[in-house]
Amino acid sequence: MAVFNATLNSTKEASADQAQEDKVGILIGIVVLASALIGCSLALVALGKDLFIGRNTPMVLVGALVWVDFIGVFSTSVIVFHGFVKGAEWMADSPQCGLQAFFTTAFGLSSGAVVTSMSLDRVAALYKPFFYKQHATPLLTRTICAFLTILCLALAALPFFGIGKYKFNQSSRSFCQFDWFPVTLTETVYTFAIAVCGVTLITEMTASNIIVLVIVVRIRQRMSAVLPSKDMKSKRRARRVAFRQEEQMAKFVALASFVFLFTWLPVTVSSCPSPFQLNS
């Protein structure tokens, strides 16, 4: 009897500890999501219009990034907040679990695709400025962003058609995600596709930012090495102003790339070995 009582007490203590951990996790999740939602909302108010009325490619890309991030954070937050209210059991059994994972995956990849486009855009603008001015139009940029977003939405929707699987995260007990450890062949194919997509975005993004850094350093050295004459001062001053704008945009793209790498690199590393762990 004493052993039974001791076991019962330890079980109650474990349940209380688990409940306390769940409350802390929910509080942290609310703070993180609320902060992200407020930040994305403010960015949307300030820069969202540039997607539609932006007069140059960089501003259109910034507007696209703001819209993608806002839609992703908003759609994810609504379902996760509902899960906090209803409880983890509701989230695990609800069809909205897959819907939340779809939004998170689709717009997470879309955000990375837009940031990668921004990196490639900076490479083209600095390496081939004349070609860039002739062909990089806002309309072309909007078309590319729309195509990349549709492609990411199609990839994220594959689990709804039996290719891949979304499941409830038992560790956090607050959100759903794609299955990192596939069991069937279709799940392996989907996880491998996500890994390939992540590796492609990360590789292109990193390489582009390194190239931009090298080009910026070379241009700065070239500008400091040449002493301007009096009749060329105005032209060189205008070039310096233009270069500073390009440099500021390159820094912004590098920061956005770092944020994406910080969030998606662990996911990509975790999912890359998974397709080779198929259980029979």
# chains A, B, ... in the order shown; residues from 1 in each chain; ligands from 1
>>> residues_around(residues="Cys152 in chain A", least_positions_apart="3", cutoff="12 Å", atoms="only C-alpha atoms", output="list of chain:residue names")
A:Val68, A:Phe102, A:Phe103, A:Thr104, A:Thr105, A:Ala106, A:Phe107, A:Gly108, A:Leu109, A:Ser110, A:Ser111, A:Gly112, A:Ala113, A:Val114, A:Cys145, A:Ala146, A:Phe147, A:Leu148, A:Thr149, A:Leu155, A:Ala156, A:Ala157, A:Leu158, A:Ala193, A:Ile194, A:Cys197, A:Gly198, A:Leu201
>>> closest_residue(among="A:Gly98, A:Thr191, A:Thr57, A:Met249", to="His135 in chain A", atoms="only C-alpha atoms")
A:Thr57
>>> atom_distance(atom1="CA of Leu213 in chain A", atom2="CA of Thr141 in chain A")
22.8 Å
>>> residues_around(residues="Thr186 in chain A", least_positions_apart="2", cutoff="7 Å", atoms="only C-alpha atoms", output="ChimeraX atom specification")
/A:163-164,184,188-190
>>> closest_residue(among="A:Ile210, A:Phe175, A:Gln100, A:Leu185", to="Gly87 in chain A", atoms="only C-alpha atoms")
A:Phe175
>>> closest_residue(among="A:Asp50, A:Glu247, A:Glu89, A:Glu187", to="Arg220 in chain A", atoms="only C-alpha atoms")
A:Glu247
